[in-house]
$ cat entry_35.cif   # mmCIF, C-alpha atoms
data_final
loop_
_atom_site.label_atom_id
_atom_site.label_comp_id
_atom_site.auth_asym_id
_atom_site.auth_seq_id
_atom_site.Cartn_x
_atom_site.Cartn_y
_atom_site.Cartn_z
CA MET A 218 30.40 6.98 1.12
CA CYS A 219 29.68 3.61 -0.35
CA ILE A 220 31.08 0.25 0.49
CA GLU A 221 33.84 -0.66 2.87
CA PRO A 222 36.39 -3.31 1.90
CA SER A 223 35.75 -6.88 2.98
CA GLU A 224 37.72 -10.08 2.68
CA PRO A 225 37.54 -11.65 -0.80
CA PRO A 226 36.56 -15.25 -1.49
CA SER A 227 39.12 -17.72 -2.74
CA PRO A 228 40.33 -16.86 -6.23
CA ARG A 229 39.89 -20.53 -7.12
CA LEU A 230 36.21 -20.08 -7.84
CA THR A 231 34.33 -21.81 -10.59
CA ARG A 232 31.41 -20.11 -12.29
CA ARG A 233 29.14 -22.62 -10.54
CA GLY A 234 30.54 -21.63 -7.17
CA VAL A 235 29.91 -17.89 -7.35
CA LEU A 236 26.55 -17.92 -5.58
CA ALA A 237 27.85 -20.33 -2.96
CA ALA A 238 30.73 -17.95 -2.25
CA SER A 239 28.34 -15.02 -2.02
CA ALA A 240 26.21 -16.91 0.47
CA ALA A 241 29.26 -17.84 2.53
CA LEU A 242 30.46 -14.22 2.64
CA ALA A 243 27.01 -13.00 3.64
CA GLY A 244 26.63 -15.81 6.17
CA THR A 245 23.48 -17.10 4.50
CA ALA A 246 24.59 -20.57 3.41
CA THR A 247 23.20 -22.30 6.49
CA VAL A 248 19.90 -20.48 6.26
CA LEU A 249 19.52 -21.28 2.60
CA GLY A 250 20.05 -24.92 3.47
CA SER A 251 22.93 -25.59 1.12
CA ALA A 252 26.44 -24.44 0.34
CA GLY A 253 25.76 -24.70 -3.37
CA PRO A 254 23.86 -22.57 -5.89
CA ALA A 255 20.93 -24.99 -5.88
CA ALA A 256 20.00 -23.59 -2.49
CA ALA A 257 18.81 -20.39 -4.11
CA THR A 258 17.03 -22.01 -7.02
CA THR A 259 15.28 -25.08 -5.60
CA PRO A 260 11.67 -24.82 -6.78
CA GLY A 261 8.57 -25.64 -4.78
CA ARG A 262 9.89 -24.51 -1.41
CA ARG A 263 7.63 -21.84 0.07
CA PRO A 264 9.09 -18.97 2.07
CA ARG A 265 8.17 -18.67 5.73
CA THR A 266 5.36 -16.09 5.94
CA GLY A 267 2.73 -15.50 8.55
CA ASP A 268 -0.92 -14.91 9.37
CA LEU A 269 -1.49 -12.01 11.72
CA VAL A 270 -4.13 -9.50 12.79
CA VAL A 271 -2.79 -6.13 13.94
CA GLU A 272 -5.60 -4.41 15.79
CA GLY A 273 -6.39 -1.30 17.76
CA GLY A 274 -3.75 1.05 16.38
CA THR A 275 -4.00 4.24 14.34
CA LEU A 276 -3.33 3.35 10.71
CA LEU A 277 -1.56 5.76 8.34
CA ASP A 278 -1.65 5.19 4.58
CA PRO A 279 1.13 7.38 3.12
CA ALA A 280 -0.34 7.23 -0.38
CA THR A 281 -3.51 9.08 0.60
CA GLY A 282 -2.56 10.55 3.96
CA ASP A 283 -5.66 8.88 5.43
CA VAL A 284 -5.54 8.22 9.17
CA THR A 285 -7.81 5.51 10.60
CA GLU A 286 -8.23 5.17 14.36
CA ASP A 287 -8.92 1.81 16.02
CA ALA A 288 -7.82 0.11 12.81
CA VAL A 289 -7.44 -3.55 11.91
CA VAL A 290 -4.91 -4.96 9.44
CA VAL A 291 -5.45 -8.58 8.42
CA ILE A 292 -2.44 -10.43 7.00
CA ARG A 293 -2.72 -13.90 5.46
CA ASP A 294 0.24 -15.78 3.99
CA GLY A 295 2.34 -12.65 4.35
CA VAL A 296 -0.05 -10.42 2.35
CA VAL A 297 -2.49 -7.77 3.55
CA ARG A 298 -6.01 -9.04 2.90
CA ALA A 299 -7.89 -6.21 4.58
CA ALA A 300 -7.12 -2.93 6.33
CA GLY A 301 -9.49 -0.38 7.82
CA ALA A 302 -11.66 0.62 10.73
CA ARG A 303 -12.53 -2.18 13.14
CA GLY A 304 -16.28 -2.13 12.47
CA ARG A 305 -15.74 -2.37 8.72
CA THR A 306 -13.06 -5.06 8.61
CA SER A 307 -13.90 -8.70 9.11
CA VAL A 308 -11.46 -10.91 11.00
CA SER A 309 -11.40 -14.70 10.94
CA ALA A 310 -11.22 -16.56 14.21
CA GLY A 311 -8.04 -18.34 15.21
CA VAL A 312 -5.59 -15.89 13.61
CA PRO A 313 -2.76 -14.64 15.87
CA ARG A 314 -3.32 -11.10 17.16
CA LEU A 315 -0.93 -8.21 17.75
CA ASP A 316 -2.34 -5.53 20.03
CA ALA A 317 -1.50 -2.11 18.61
CA HIS A 318 -3.49 0.07 21.02
CA GLY A 319 -1.63 3.31 21.63
CA GLN A 320 0.52 2.74 18.52
CA TRP A 321 0.53 4.20 15.04
CA VAL A 322 0.75 1.61 12.27
CA LEU A 323 2.56 2.35 8.98
CA PRO A 324 3.77 0.23 6.09
CA GLY A 325 7.29 -1.18 6.39
CA LEU A 326 9.85 1.42 5.39
CA ILE A 327 12.15 1.24 2.36
CA ASP A 328 15.88 2.01 2.34
CA ALA A 329 16.70 2.85 -1.27
CA HIS A 330 20.49 2.87 -0.77
CA ILE A 331 22.08 0.41 1.63
CA HIS A 332 25.04 -1.98 1.56
CA LEU A 333 24.11 -5.34 3.11
CA ASN A 334 27.00 -7.79 3.34
CA THR A 335 25.99 -10.11 6.19
CA VAL A 336 23.03 -11.80 7.84
CA ALA A 337 23.55 -9.62 10.91
CA GLU A 338 23.30 -6.44 8.85
CA ALA A 339 20.22 -7.69 7.01
CA ARG A 340 18.49 -8.62 10.25
CA ASP A 341 19.44 -5.29 11.81
CA ALA A 342 17.97 -3.38 8.88
CA VAL A 343 14.63 -5.15 9.30
CA GLY A 344 14.65 -4.59 13.05
CA LYS A 345 15.11 -0.86 12.43
CA GLY A 346 12.12 -0.74 10.11
CA ALA A 347 13.54 -1.30 6.60
CA THR A 348 11.43 -4.18 5.31
CA SER A 349 12.39 -3.45 1.69
CA ALA A 350 15.63 -2.05 0.28
CA ARG A 351 17.81 -1.44 -2.74
CA SER A 352 21.45 -2.43 -2.58
CA GLY A 353 24.07 0.20 -3.27
CA SER A 354 26.41 -2.66 -4.36
CA THR A 355 28.62 -5.12 -2.52
CA ASN A 356 32.16 -6.32 -3.18
CA PHE A 357 31.48 -10.01 -3.85
CA TYR A 358 27.77 -10.39 -4.69
CA GLN A 359 26.78 -10.79 -1.04
CA ASP A 360 23.63 -8.80 -1.81
CA ILE A 361 22.54 -11.52 -4.25
CA ALA A 362 22.71 -14.01 -1.39
CA VAL A 363 20.94 -11.64 1.01
CA ARG A 364 18.17 -11.26 -1.54
CA GLU A 365 17.73 -15.03 -1.62
CA LEU A 366 17.72 -15.10 2.18
CA ALA A 367 14.90 -12.54 2.15
CA ARG A 368 12.89 -14.74 -0.21
CA ARG A 369 13.32 -17.85 1.93
CA ALA A 370 13.25 -16.31 5.42
CA PRO A 371 11.71 -12.84 5.09
CA GLY A 372 11.92 -12.14 8.81
CA MET A 373 15.72 -12.14 8.51
CA ALA A 374 16.24 -9.69 5.65
CA PRO A 375 14.55 -6.87 3.73
CA ARG A 376 13.01 -7.56 0.35
CA LEU A 377 16.03 -6.53 -1.71
CA ARG A 378 16.82 -5.18 -5.16
CA ALA A 379 20.41 -6.33 -5.63
CA ALA A 380 23.04 -4.29 -7.51
CA GLY A 381 25.94 -6.74 -7.50
CA ILE A 382 29.36 -5.11 -7.81
CA PHE A 383 30.18 -1.45 -8.32
CA VAL A 384 30.97 -0.39 -11.91
CA THR A 385 34.01 1.71 -11.03
CA PRO A 386 37.43 2.32 -12.60
CA ASP A 387 39.40 0.38 -9.97
CA LEU A 388 37.75 -2.93 -9.10
CA GLY A 389 40.57 -3.98 -6.76
CA ASP A 390 39.87 -7.32 -5.08
CA THR A 391 36.39 -7.28 -6.58
CA LEU A 392 38.07 -8.80 -9.64
CA LEU A 393 37.80 -12.03 -7.63
CA ALA A 394 34.01 -11.77 -7.35
CA ASP A 395 33.49 -13.71 -10.56
CA PRO A 396 35.93 -15.58 -12.84
CA GLU A 397 34.57 -13.62 -15.81
CA LEU A 398 36.00 -10.42 -14.33
CA ALA A 399 39.59 -11.70 -14.49
CA VAL A 400 39.90 -10.56 -18.11
CA LEU A 401 39.83 -6.97 -16.79
CA ALA A 402 42.95 -7.39 -14.68
CA GLY A 403 45.84 -5.21 -15.76
CA LEU A 404 43.83 -2.84 -17.93
CA LYS A 405 45.68 0.43 -18.27
CA GLY A 406 43.63 3.02 -16.39
CA GLY A 407 41.21 0.41 -15.09
CA VAL A 408 37.63 -0.16 -16.20
CA ARG A 409 37.19 2.74 -18.58
CA SER A 410 36.86 1.50 -22.15
CA ALA A 411 33.41 0.96 -23.61
CA GLU A 412 33.96 -2.80 -23.80
CA ALA A 413 35.24 -3.04 -20.22
CA LEU A 414 32.25 -1.07 -18.91
CA ARG A 415 29.83 -3.23 -20.86
CA HIS A 416 31.58 -6.36 -19.63
CA VAL A 417 31.15 -5.51 -15.94
CA VAL A 418 27.48 -4.75 -16.52
CA ARG A 419 27.00 -8.05 -18.38
CA VAL A 420 28.63 -10.02 -15.56
CA ASN A 421 26.41 -8.25 -13.02
CA LEU A 422 23.27 -9.06 -14.96
CA ALA A 423 24.38 -12.67 -15.46
CA ARG A 424 24.78 -12.98 -11.69
CA GLY A 425 21.22 -11.74 -11.19
CA ALA A 426 21.64 -8.04 -10.41
CA GLU A 427 18.37 -6.12 -10.70
CA VAL A 428 19.96 -2.67 -10.84
CA VAL A 429 23.40 -1.39 -11.81
CA LYS A 430 25.49 0.91 -9.62
CA THR A 431 28.17 3.19 -11.04
CA ARG A 432 29.86 6.47 -10.15
CA VAL A 433 30.76 9.78 -11.72
CA ASN A 434 32.78 11.25 -8.83
CA GLU A 435 35.28 10.10 -6.23
CA ARG A 436 34.17 9.23 -2.68
CA ALA A 437 33.35 11.67 0.11
CA GLY A 438 34.05 9.12 2.81
CA LEU A 439 37.77 8.79 2.05
CA PRO A 440 39.86 11.79 3.16
CA GLU A 441 42.44 11.26 0.42
CA GLN A 442 39.81 11.53 -2.32
CA ASP A 443 38.15 14.66 -3.70
CA PRO A 444 34.40 14.06 -4.19
CA LEU A 445 34.32 16.74 -6.89
CA THR A 446 36.82 14.90 -9.08
CA GLN A 447 35.07 13.26 -12.02
CA VAL A 448 36.06 9.67 -12.83
CA TYR A 449 33.72 8.85 -15.73
CA SER A 450 32.72 11.06 -18.66
CA HIS A 451 29.25 11.49 -20.10
CA ALA A 452 30.15 9.05 -22.86
CA GLN A 453 31.33 6.41 -20.39
CA LEU A 454 28.23 6.80 -18.24
CA SER A 455 26.12 6.46 -21.38
CA GLU A 456 27.81 3.11 -22.11
CA VAL A 457 26.89 1.84 -18.63
CA VAL A 458 23.30 3.02 -19.00
CA ALA A 459 22.95 1.49 -22.45
CA ALA A 460 24.36 -1.85 -21.31
CA ALA A 461 22.01 -1.91 -18.32
CA ARG A 462 19.02 -1.02 -20.48
CA ARG A 463 19.77 -3.86 -22.85
CA GLY A 464 19.21 -6.09 -19.86
CA GLY A 465 16.08 -4.19 -18.85
CA LYS A 466 17.74 -2.59 -15.81
CA GLY A 467 18.19 0.92 -14.47
CA VAL A 468 21.32 2.62 -13.12
CA LEU A 469 21.95 4.41 -9.82
CA CYS A 470 24.92 6.76 -9.87
CA HIS A 471 27.19 7.99 -7.05
CA SER A 472 27.51 11.71 -7.76
CA TYR A 473 28.65 14.93 -6.08
CA SER A 474 29.72 17.73 -8.43
CA GLU A 475 27.20 19.68 -10.49
CA LYS A 476 28.90 18.70 -13.75
CA GLY A 477 29.05 15.08 -12.66
CA CYS A 478 25.39 15.14 -11.67
CA HIS A 479 24.38 16.71 -14.97
CA ASP A 480 26.43 14.25 -17.00
CA ALA A 481 24.90 11.33 -15.10
CA VAL A 482 21.33 12.54 -15.47
CA THR A 483 21.64 13.35 -19.16
CA ALA A 484 23.30 9.97 -19.73
CA GLY A 485 20.02 8.43 -18.61
CA ILE A 486 20.51 7.15 -15.05
CA ARG A 487 17.43 6.18 -13.05
CA SER A 488 18.52 7.73 -9.76
CA LEU A 489 21.11 10.21 -8.56
CA GLU A 490 22.82 9.21 -5.30
CA HIS A 491 24.22 11.77 -2.81
CA GLY A 492 24.16 14.71 -5.28
CA VAL A 493 25.38 17.35 -2.83
CA PHE A 494 26.15 20.01 -5.42
CA VAL A 495 23.38 19.22 -7.90
CA GLY A 496 22.30 22.47 -9.56
CA GLU A 497 18.98 23.90 -10.66
CA ARG A 498 19.49 23.08 -14.35
CA THR A 499 20.11 19.43 -13.44
CA LEU A 500 17.11 19.32 -11.11
CA HIS A 501 14.92 20.62 -13.93
CA GLU A 502 16.35 17.90 -16.17
CA MET A 503 15.63 15.32 -13.47
CA ARG A 504 12.03 16.49 -13.24
CA ARG A 505 11.66 16.26 -17.01
CA ARG A 506 13.16 12.76 -17.15
CA ASP A 507 11.54 11.50 -13.91
CA THR A 508 15.00 10.82 -12.49
CA TYR A 509 14.99 10.07 -8.77
CA PHE A 510 17.13 11.80 -6.16
CA THR A 511 18.43 9.65 -3.27
CA PRO A 512 20.43 12.18 -1.22
CA THR A 513 21.58 9.86 1.63
CA LEU A 514 21.46 12.71 4.13
CA THR A 515 22.20 10.24 6.92
CA ALA A 516 25.58 9.39 5.43
CA ILE A 517 26.55 13.03 4.91
CA ALA A 518 25.46 13.89 8.45
CA GLY A 519 27.58 10.98 9.65
CA LEU A 520 30.69 12.52 8.09
CA ALA A 521 30.31 15.52 10.35
CA GLU A 522 30.65 13.17 13.35
CA SER A 523 33.85 11.56 12.03
CA SER A 524 37.01 11.51 14.12
CA ASP A 525 38.94 12.37 10.95
CA PRO A 526 39.18 16.17 10.74
CA VAL A 527 39.02 16.21 6.93
CA LEU A 528 35.84 14.13 6.87
CA ALA A 529 34.29 16.05 9.76
CA GLU A 530 34.82 19.37 8.02
CA ARG A 531 33.53 17.90 4.76
CA GLY A 532 30.36 16.72 6.46
CA ARG A 533 29.77 20.06 8.18
CA ALA A 534 30.21 21.88 4.86
CA TYR A 535 28.21 19.47 2.73
CA LEU A 536 25.13 18.82 4.89
CA PRO A 537 23.51 22.28 4.67
CA VAL A 538 24.20 22.39 0.93
CA LEU A 539 22.57 18.99 0.47
CA LYS A 540 19.55 19.99 2.55
CA GLN A 541 19.05 23.00 0.28
CA ALA A 542 19.29 20.71 -2.77
CA VAL A 543 16.71 18.35 -1.28
CA LEU A 544 14.25 21.16 -0.62
CA ALA A 545 14.80 22.60 -4.11
CA ALA A 546 14.20 19.15 -5.62
CA HIS A 547 11.00 18.72 -3.62
CA GLU A 548 9.68 22.14 -4.62
CA LEU A 549 10.41 21.41 -8.30
CA GLY A 550 8.67 18.05 -8.15
CA VAL A 551 11.77 15.85 -8.48
CA PRO A 552 10.94 12.45 -6.94
CA LEU A 553 12.90 11.81 -3.74
CA ALA A 554 13.75 8.45 -2.16
CA ALA A 555 15.18 7.79 1.29
CA GLY A 556 18.45 5.90 1.62
CA THR A 557 20.94 5.68 4.48
CA ASP A 558 24.03 4.44 2.58
CA SER A 559 24.69 2.22 5.60
CA SER A 560 27.85 0.13 5.22
CA GLY A 561 30.79 -1.34 7.06
CA GLY A 562 28.77 -3.28 9.62
CA THR A 563 26.73 -0.32 10.92
CA VAL A 564 23.08 -0.06 9.89
CA ASP A 565 21.51 3.34 10.39
CA PRO A 566 17.73 3.43 10.90
CA ILE A 567 15.89 4.49 7.79
CA GLY A 568 13.74 6.61 10.09
CA ARG A 569 16.78 8.86 10.55
CA GLU A 570 16.73 9.63 6.83
CA VAL A 571 13.04 10.50 7.06
CA GLU A 572 13.83 12.81 9.97
CA LEU A 573 16.54 14.54 7.93
CA MET A 574 14.22 14.88 4.92
CA HIS A 575 11.82 16.71 7.23
CA ALA A 576 14.67 18.82 8.62
CA ALA A 577 15.51 19.80 5.04
CA GLY A 578 12.04 21.31 4.67
CA LEU A 579 9.72 18.52 3.55
CA PRO A 580 6.35 18.33 5.37
CA PRO A 581 6.11 15.22 7.58
CA LEU A 582 3.85 13.24 5.23
CA ASP A 583 6.05 13.99 2.22
CA ALA A 584 9.14 12.98 4.21
CA ILE A 585 7.45 9.68 5.11
CA ARG A 586 6.58 9.12 1.46
CA THR A 587 10.28 9.19 0.53
CA ALA A 588 10.65 5.94 2.52
CA THR A 589 7.32 4.42 1.44
CA THR A 590 5.37 5.20 -1.73
CA HIS A 591 8.12 7.11 -3.56
CA ALA A 592 10.81 4.56 -2.79
CA ALA A 593 8.44 1.73 -3.74
CA ARG A 594 7.99 3.27 -7.17
CA LEU A 595 11.74 3.68 -7.64
CA LEU A 596 12.32 0.03 -6.75
CA GLY A 597 9.48 -1.19 -8.97
CA LEU A 598 7.53 -2.31 -5.90
CA GLU A 599 4.32 -0.37 -6.43
CA GLY A 600 1.52 -2.70 -5.45
CA THR A 601 3.87 -4.65 -3.20
CA ALA A 602 5.45 -2.24 -0.70
CA GLY A 603 4.89 1.25 0.66
CA ARG A 604 1.22 1.01 1.66
CA PRO A 605 -0.79 -0.90 4.30
CA ALA A 606 -3.39 -1.79 1.70
CA ARG A 607 -5.09 -4.91 0.38
CA GLY A 608 -2.78 -6.96 -1.85
CA HIS A 609 0.39 -5.34 -0.52
CA ALA A 610 3.04 -7.15 1.48
CA GLY A 611 2.28 -7.72 5.15
CA ASP A 612 5.15 -5.45 6.22
CA LEU A 613 4.37 -2.95 8.97
CA VAL A 614 6.12 -0.72 11.48
CA LEU A 615 4.53 0.35 14.75
CA VAL A 616 5.59 3.53 16.56
CA PRO A 617 4.44 4.85 19.96
CA GLY A 618 2.96 8.12 18.76
CA ASP A 619 1.93 10.25 15.80
CA PRO A 620 4.75 10.36 13.20
CA LEU A 621 3.01 13.24 11.45
CA ALA A 622 3.67 15.28 14.59
CA ASP A 623 7.10 13.78 15.33
CA VAL A 624 8.83 11.94 12.46
CA SER A 625 11.73 11.04 14.75
CA LEU A 626 9.53 8.27 16.16
CA LEU A 627 10.33 6.28 13.02
CA LYS A 628 13.95 5.90 14.12
CA LYS A 629 12.96 3.39 16.83
CA PRO A 630 9.92 1.33 15.86
CA SER A 631 8.30 -0.40 18.82
CA ARG A 632 7.44 -3.38 16.60
CA VAL A 633 8.19 -4.49 13.05
CA VAL A 634 6.16 -7.01 11.05
CA ARG A 635 7.74 -8.61 7.99
CA ALA A 636 5.55 -10.76 5.70
CA GLY A 637 3.12 -11.29 8.56
CA LEU A 638 5.85 -12.27 11.00
CA PRO A 639 6.54 -10.09 14.07
CA VAL A 640 10.32 -9.58 14.30
#
$ encode --input "entry_35.cif" --output "structure tokens"
Amino acid sequence: MCIEPSEPPSPRLTRRGVLAASAALAGTATVLGSAGPAAATTPGRRPRTGDLVVEGGTLLDPATGDVTEDAVVVIRDGVVRAAGARGRTSVSAGVPRLDAHGQWVLPGLIDAHIHLNTVAEARDAVGKGATSARSGSTNFYQDIAVRELARRAPGMAPRLRAAGIFVTPDLGDTLLADPELAVLAGLKGGVRSAEALRHVVRVNLARGAEVVKTRVNERAGLPEQDPLTQVYSHAQLSEVVAAARRGGKGVLCHSYSEKGCHDAVTAGIRSLEHGVFVGERTLHEMRRRDTYFTPTLTAIAGLAESSDPVLAERGRAYLPVLKQAVLAAHELGVPLAAGTDSSGGTVDPIGREVELMHAAGLPPLDAIRTATTHAARLLGLEGTAGRPARGHAGDLVLVPGDPLADVSLLKKPSRVVRAGLPV
């Protein structure tokens, strides 16, 4: 799991050129209107948002479970101004209309673990219903540029919480992501000392990362690695968490083994990613600490379809174990968030993760909440995303049927609205 390698920028980068390089790698420089960092910081330039009335559909509010037939959602300047039954919702004349008769209308979905490296990937994520997302890290700060793209041209990218680069022992070519990382080159054993860990976090925060991504175990998606091998100790994870907290940020942690999961949770991470072998004692600790669980069932299910026999067997063995962990977490009251762990140019629909949450034992509405209200809370987007309610973002997905009866409908939205703009 987690990010695929991509070509590095030129090593002859200045500090001023880092954002420009990120934009070039992500393919956003033209959209942002400049090859330089000023493109992302020019004040007074309003993003492109829309006015729209979505009418006639059946509206589902995941927060309450309320279902409203023949509903009207009024979006002005990319924000929901009213939502409810037709007879109780006033609509101004002259506003563009989207006919939703025969459709169910939900808030835009949230992918809480995705790797977006290019404009094409960002656009694909939106088209598949993910109007908000949290980055699971990128190699060269492309997610920072994608976040700026989303702010300027919301129809082209999800609203994004960027993680910057992975805090991992072997940075590889990611050392070229920022000149400040060059001091870490040649460290014996890689990024493991307290100062080295703090340094990577500081560089991430200086580049504008809103969350920090680290790991406790090796990767499941590489056949030569053992996902149960621990790469950071409790003390090392605690250093990462403390450095992130000093900057007011939380940490998401790539985890597989029970010991690794427990070390990560007790070190103070905000969310546990993957977590196949998380045990009951750790789940209880997560409930006590309000630590989120982002199981990325889609990614584990994808391993089972791999042409590599090692990965295929790993996926077949891991998926039922992870489903049991998800159900146990839900029954204990551990907050769950949906994330696909999409990477390498392929974007899986976030609706697939909702479907797998349901397959793991969650009732349909609770499965939908993992990609709406629960994920919004994890991302700090309560009041902005996750509900089709007044004051929330004008992000909607339309599906041709009742998702409470068939959650698989969320895999292929018939229409997506982002900030009042049909996409």
$ residues_around --input "entry_35.cif" --residues "range 541-548 of chain A" --least-positions-apart "4" --cutoff "12 Å" --atoms "only C-alpha atoms" --output "MDAnalysis selection string"
chainID A and resid 473 475 489:504 507:514 535:537 552:555 570 573:580 583:584 586:587 591
$ write_last_selection --input "entry_35.cif" --atoms "C-alpha atoms" --output "PDB file, in the coordinates of the input"
ATOM      1  CA  TYR A 473      28.650  14.930  -6.080  1.00  0.00           C
ATOM      2  CA  GLU A 475      27.200  19.680 -10.490  1.00  0.00           C
ATOM      3  CA  LEU A 489      21.110  10.210  -8.560  1.00  0.00           C
ATOM      4  CA  GLU A 490      22.820   9.210  -5.300  1.00  0.00           C
ATOM      5  CA  HIS A 491      24.220  11.770  -2.810  1.00  0.00           C
ATOM      6  CA  GLY A 492      24.160  14.710  -5.280  1.00  0.00           C
ATOM      7  CA  VAL A 493      25.380  17.350  -2.830  1.00  0.00           C
ATOM      8  CA  PHE A 494      26.150  20.010  -5.420  1.00  0.00           C
ATOM      9  CA  VAL A 495      23.380  19.220  -7.900  1.00  0.00           C
ATOM     10  CA  GLY A 496      22.300  22.470  -9.560  1.00  0.00           C
ATOM     11  CA  GLU A 497      18.980  23.900 -10.660  1.00  0.00           C
ATOM     12  CA  ARG A 498      19.490  23.080 -14.350  1.00  0.00           C
ATOM     13  CA  THR A 499      20.110  19.430 -13.440  1.00  0.00           C
ATOM     14  CA  LEU A 500      17.110  19.320 -11.110  1.00  0.00           C
ATOM     15  CA  HIS A 501      14.920  20.620 -13.930  1.00  0.00           C
ATOM     16  CA  GLU A 502      16.350  17.900 -16.170  1.00  0.00           C
ATOM     17  CA  MET A 503      15.630  15.320 -13.470  1.00  0.00           C
ATOM     18  CA  ARG A 504      12.030  16.490 -13.240  1.00  0.00           C
ATOM     19  CA  ASP A 507      11.540  11.500 -13.910  1.00  0.00           C
ATOM     20  CA  THR A 508      15.000  10.820 -12.490  1.00  0.00           C
ATOM     21  CA  TYR A 509      14.990  10.070  -8.770  1.00  0.00           C
ATOM     22  CA  PHE A 510      17.130  11.800  -6.160  1.00  0.00           C
ATOM     23  CA  THR A 511      18.430   9.650  -3.270  1.00  0.00           C
ATOM     24  CA  PRO A 512      20.430  12.180  -1.220  1.00  0.00           C
ATOM     25  CA  THR A 513      21.580   9.860   1.630  1.00  0.00           C
ATOM     26  CA  LEU A 514      21.460  12.710   4.130  1.00  0.00           C
ATOM     27  CA  TYR A 535      28.210  19.470   2.730  1.00  0.00           C
ATOM     28  CA  LEU A 536      25.130  18.820   4.890  1.00  0.00           C
ATOM     29  CA  PRO A 537      23.510  22.280   4.670  1.00  0.00           C
ATOM     30  CA  PRO A 552      10.940  12.450  -6.940  1.00  0.00           C
ATOM     31  CA  LEU A 553      12.900  11.810  -3.740  1.00  0.00           C
ATOM     32  CA  ALA A 554      13.750   8.450  -2.160  1.00  0.00           C
ATOM     33  CA  ALA A 555      15.180   7.790   1.290  1.00  0.00           C
ATOM     34  CA  GLU A 570      16.730   9.630   6.830  1.00  0.00           C
ATOM     35  CA  LEU A 573      16.540  14.540   7.930  1.00  0.00           C
ATOM     36  CA  MET A 574      14.220  14.880   4.920  1.00  0.00           C
ATOM     37  CA  HIS A 575      11.820  16.710   7.230  1.00  0.00           C
ATOM     38  CA  ALA A 576      14.670  18.820   8.620  1.00  0.00           C
ATOM     39  CA  ALA A 577      15.510  19.800   5.040  1.00  0.00           C
ATOM     40  CA  GLY A 578      12.040  21.310   4.670  1.00  0.00           C
ATOM     41  CA  LEU A 579       9.720  18.520   3.550  1.00  0.00           C
ATOM     42  CA  PRO A 580       6.350  18.330   5.370  1.00  0.00           C
ATOM     43  CA  ASP A 583       6.050  13.990   2.220  1.00  0.00           C
ATOM     44  CA  ALA A 584       9.140  12.980   4.210  1.00  0.00           C
ATOM     45  CA  ARG A 586       6.580   9.120   1.460  1.00  0.00           C
ATOM     46  CA  THR A 587      10.280   9.190   0.530  1.00  0.00           C
ATOM     47  CA  HIS A 591       8.120   7.110  -3.560  1.00  0.00           C
TER      48      HIS A 591
END
$ resolve_selection --input "entry_35.cif" --expression "the PyMOL selection byres ((chain A and resi 272) around 10)" --output "list of chain:residue names"
A:Leu269, A:Val270, A:Val271, A:Gly273, A:Gly274, A:Thr275, A:Leu276, A:Asp287, A:Ala288, A:Val289, A:Val290, A:Val291, A:Ala300, A:Gly301, A:Ala302, A:Arg303, A:Val308, A:Arg314, A:Leu315, A:Asp316, A:Ala317, A:His318, A:Gln320, A:Val322
$ atom_distance --input "entry_35.cif" --atom1 "CA of Cys478 in chain A" --atom2 "CA of Gln442 in chain A"
17.6 Å
$ closest_residue --input "entry_35.cif" --among "A:His471, A:Lys628, A:His609, A:Arg340" --to "Pro375 in chain A" --atoms "all atoms listed in the file"
A:Arg340
$ residues_around --input "entry_35.cif" --residues "Arg364 in chain A" --least-positions-apart "3" --cutoff "10 Å" --atoms "all atoms listed in the file" --output "ChimeraX atom specification"
/A:245,257,333,339,350-352,359-361,367-371,374-379
$ atom_distance --input "entry_35.cif" --atom1 "CA of Glu435 in chain A" --atom2 "CA of Leu595 in chain A"
24.4 Å
$ closest_residue --input "entry_35.cif" --among "A:Thr385, A:Gly465, A:His479, A:Leu404" --to "Val448 in chain A" --atoms "all atoms listed in the file"
A:Thr385
$ residues_near_point --input "entry_35.cif" --point "(6.4, -16.3, 8.4)" --cutoff "9 Å" --atoms "all atoms listed in the file" --output "list in words"
Pro264, Arg265, Thr266, Gly267, Asp268, Asp294, Gly295, Ala370, Pro371, Gly372, Arg635, Ala636, Gly637, Leu638 and Pro639 of chain A
$ closest_residue --input "entry_35.cif" --among "A:Ile331, A:Ala299, A:Val468, A:Val312" --to "Gly485 in chain A" --atoms "all atoms listed in the file"
A:Val468
$ atom_distance --input "entry_35.cif" --atom1 "CA of Thr355 in chain A" --atom2 "CA of Gly425 in chain A"
13.2 Å
$ resolve_selection --input "entry_35.cif" --expression "the PyMOL selection byres ((chain A and resi 392) around 12)" --output "JSON, numbers by chain"
{"A": [225, 226, 227, 228, 230, 356, 357, 358, 382, 383, 384, 385, 386, 387, 388, 389, 390, 391, 393, 394, 395, 396, 397, 398, 399, 400, 401, 402, 403, 404, 407, 408, 417, 420]}
$ closest_residue --input "entry_35.cif" --among "A:Lys405, A:Arg604, A:Arg293, A:Arg531" --to "Gly438 in chain A" --atoms "all atoms listed in the file"
A:Arg531
$ residues_near_point --input "entry_35.cif" --point "(4.3, 9.5, 19.9)" --cutoff "12 Å" --atoms "all atoms listed in the file" --output "list in words"
Thr275, Gly319, Gln320, Trp321, Val322, Leu615, Val616, Pro617, Gly618, Asp619, Pro620, Leu621, Ala622, Asp623, Val624, Ser625, Leu626, Leu627, Lys628, Lys629, Pro630 and Ser631 of chain A
$ resolve_selection --input "entry_35.cif" --expression "the PyMOL selection byres ((chain A and resi 419) around 12)" --output "ChimeraX atom specification"
/A:381-382,384,395,397-398,412-418,420-429,456-466
$ closest_residue --input "entry_35.cif" --among "A:Asp480, A:Val527, A:Pro279, A:Val551" --to "Asp443 in chain A" --atoms "all atoms listed in the file"
A:Val527
